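Structure record follows, encoded as structure tokens.
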Amino acid sequence: MIFTIKTNPVNQPLLNLDTQSAPDIADEAALHAELTAFAEFGAETQVEGWHGEDGLELPVYINEFWTAKQRQANALHEVSYRACFKPQLPRFFIERLTAPGDVVLDPFMGRGTTPLEAALKGRVPFGADVSPLAERLTAPRLDPPSSRDVAQRLEVVKKLCDAKSVSDAPDEDLLVFYHPETLHCLKVLRSYLQGRQEAGVLDSVDAWIRLVATNRLTGHSSGFFSVYTLPPNQAVTADRQRKINAKREQQPPFRDIFYIIQKKSKQLTKALTEVDLAMLDSVQDQARMVTASADALSQHLPAESVSLVVTSPPFLDVVQYATDNWLRCWFNGIDADAVPIWQCRQVDQWTDRMSASLAEMKTLLKPGGWVAFEVGEVRGGKIKLENYAVRAGLAAGLEPVLILINQQDFTKTANCWGVANNSRGTNTNRIVLFRKAASNS
Ligand SMILES: C[S@@+](CC[C@H](N)C(=O)[O-])C[C@H]1O[C@@H](n2cnc3c(N)ncnc32)[C@H](O)[C@@H]1O
């Protein structure tokens, strides 16, 4: 493999690979033409019209633009998170709208799908989320340690675990999830990591172990630390777990947390090639991960630095991030109730907040930069959030360019604007693409 060094706009050395040369940055006409002609997965694009208030019209492109049939996403993404999107979604926009060395941002990054995919493509990853968990789930995967380093560090913690006796503290709520010895080791690991953090010596190996442990806390197989429970991104309450245990007549079995962390670490890194590692390495020093609300981001990131935003905000109050994440927050020493997650019951409140965040994105975007803003289906398809997203973007001073609907299992007869499809549970991603005007005039 031949590497060539290119110079990016901020004169940082940048790795570029012959085999993955940067696409031409799409101008709008080329993008419309490509989406219209798109037939990569067999179906032709359906082009419809969206008509808004004030006579605004936008083209709507409907097709299977990315798919499970496509080449697999890198296993490094395989960290579970409520309402995360597939890496193929940010990849679609990153490949078309940016070149290596460009900055790609997600201000609602969750598990960090956008920044991680951007980094794997040699783009500089910027990510933010109001939950401190997001940074902890994302940053370590931009700098994965070797399996040997992980094993050695786990050995250190294991010795601490063996040296201390199992506490008889009344952890009744945690003991409905964990065998007493599993809980003992988990608490030793937790206090080891918190001690390292407080002493300012937490390094990338510790951060990696914390990420992997956070993801193994609860789940439905022996690959998790807990007894059988809901999937790992939805921790149930202790009372609910008591009921699950009673119904299934189960007791938490012993789990070797060190073995599980090592195994999951290997799974996450198994597909990383030399090229992937070189890509991550090339952008690491410029990466920025921030814990902040999306309506206050310009206090933390440089204005006019971002070429593309690919993001997916909370969809009204559909996901209960605080309750789903209570155990992850416990392990990470985060007060889940103190994280000011946006949960909007009313669509008008949601629109106002999205408008404030889109205004921040506009400040951070370079002239001519793009925002791909994904919204899901809410209230059984009765509320079309993309309509409100267009309104929010206009209020923020961004230009709506098009709406793209990625529909899985696309058929030519599908009409994904229709209620019928929603009630059949059609799985769509609905993306409004905005652009910042090329000049500030
Ligand atoms: C739909 S999820 C994003 C998932 C992400 N696309 C991924 O692939 O993991 C929405 C995210 O918005 C975050 N969030 C909620 N309120 C926020 C706010 N005020 N500012 C920034 N992030 C916020 C939540 O913590 C959650 O991680």
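How things are named: the first chain in the structure tokens is A, the next is B, and so on; residues count from 1 in each chain; ligands count from 1 in the order shown.
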
(message) Using only C-alpha atoms, which protein or nucleic acid residues come within 8 Å of range 138-147 of chain A? Drop anything in the same chain fewer than 5 positions from it, and give the result as a list in words.
(response) Leu76, Arg111, Gly112, Pro115, Leu116, Ala119, Ser204, Val205, Ala207, Trp208, Leu211, Gln262, Ser265, Lys266, Thr269, Leu280, Asp281, Gln284 and Met289 of chain A

(request) Kindly work out which residues sit at most 6 Å from ligand 1, using only C-alpha atoms and all ligand atoms, and give the list as number ranges by chain. (result) A: 81, 83-85, 107-113, 129-131, 293-294, 311-314, 341-342

Would you save the residues of that selection, restricted to C-alpha atoms, as an mmCIF file, in the first residue's frame?
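Result file is part38.cif:
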```
data_model
loop_
_atom_site.group_PDB
_atom_site.id
_atom_site.type_symbol
_atom_site.label_atom_id
_atom_site.label_comp_id
_atom_site.auth_asym_id
_atom_site.auth_seq_id
_atom_site.Cartn_x
_atom_site.Cartn_y
_atom_site.Cartn_z
ATOM 1 C CA TYR A 81 -26.568 2.728 22.416
ATOM 2 C CA ALA A 83 -31.320 5.110 18.948
ATOM 3 C CA CYS A 84 -27.868 4.975 17.419
ATOM 4 C CA PHE A 85 -27.675 4.974 13.657
ATOM 5 C CA PRO A 107 -23.320 17.579 18.212
ATOM 6 C CA PHE A 108 -25.627 14.748 19.468
ATOM 7 C CA MET A 109 -23.009 12.042 19.082
ATOM 8 C CA GLY A 110 -24.314 9.304 21.438
ATOM 9 C CA ARG A 111 -21.966 6.339 21.030
ATOM 10 C CA GLY A 112 -20.005 8.385 18.476
ATOM 11 C CA THR A 113 -20.979 6.701 15.209
ATOM 12 C CA ASP A 129 -23.190 15.374 23.601
ATOM 13 C CA VAL A 130 -24.758 16.684 26.771
ATOM 14 C CA SER A 131 -24.208 13.282 28.390
ATOM 15 C CA SER A 293 -25.462 21.050 25.184
ATOM 16 C CA ALA A 294 -25.955 21.410 21.443
ATOM 17 C CA THR A 311 -26.392 14.109 13.389
ATOM 18 C CA SER A 312 -29.528 12.703 14.883
ATOM 19 C CA PRO A 313 -31.082 14.585 17.821
ATOM 20 C CA PRO A 314 -33.439 13.126 20.445
ATOM 21 C CA ILE A 341 -30.982 15.632 28.390
ATOM 22 C CA TRP A 342 -33.617 17.213 26.157
#
```

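DSSP annotation of range 7-168 of chain A from backbone atoms: strand (DSSP E or B) residues are Thr7, Pro13, Leu14, Leu15, Asn16, Leu17, Gln46, Val47, Glu48, Gly49, Trp50, His51, Glu57, Leu58, Pro59, Val60, Tyr61, Ile62, Asn63, Val103, Val104, Leu105, Asp106, Val124, Pro125, Phe126, Gly127, Ala128 and Asp129 of chain A.
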
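The residue that comes closest to Arg240 in chain A, out of A:Asp173, A:Asp206, A:Glu48, A:Glu399 and on the basis of only C-alpha atoms, is A:Asp173.
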
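The closest residue to Pro132 in chain A, picked from A:Leu385, A:Ala438, A:Ile334, A:Leu358 and counting only C-alpha atoms, is A:Ile334.
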
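Relative to CA of Phe434 in chain A, CA of Pro340 in chain A is found at 26.7 Å.
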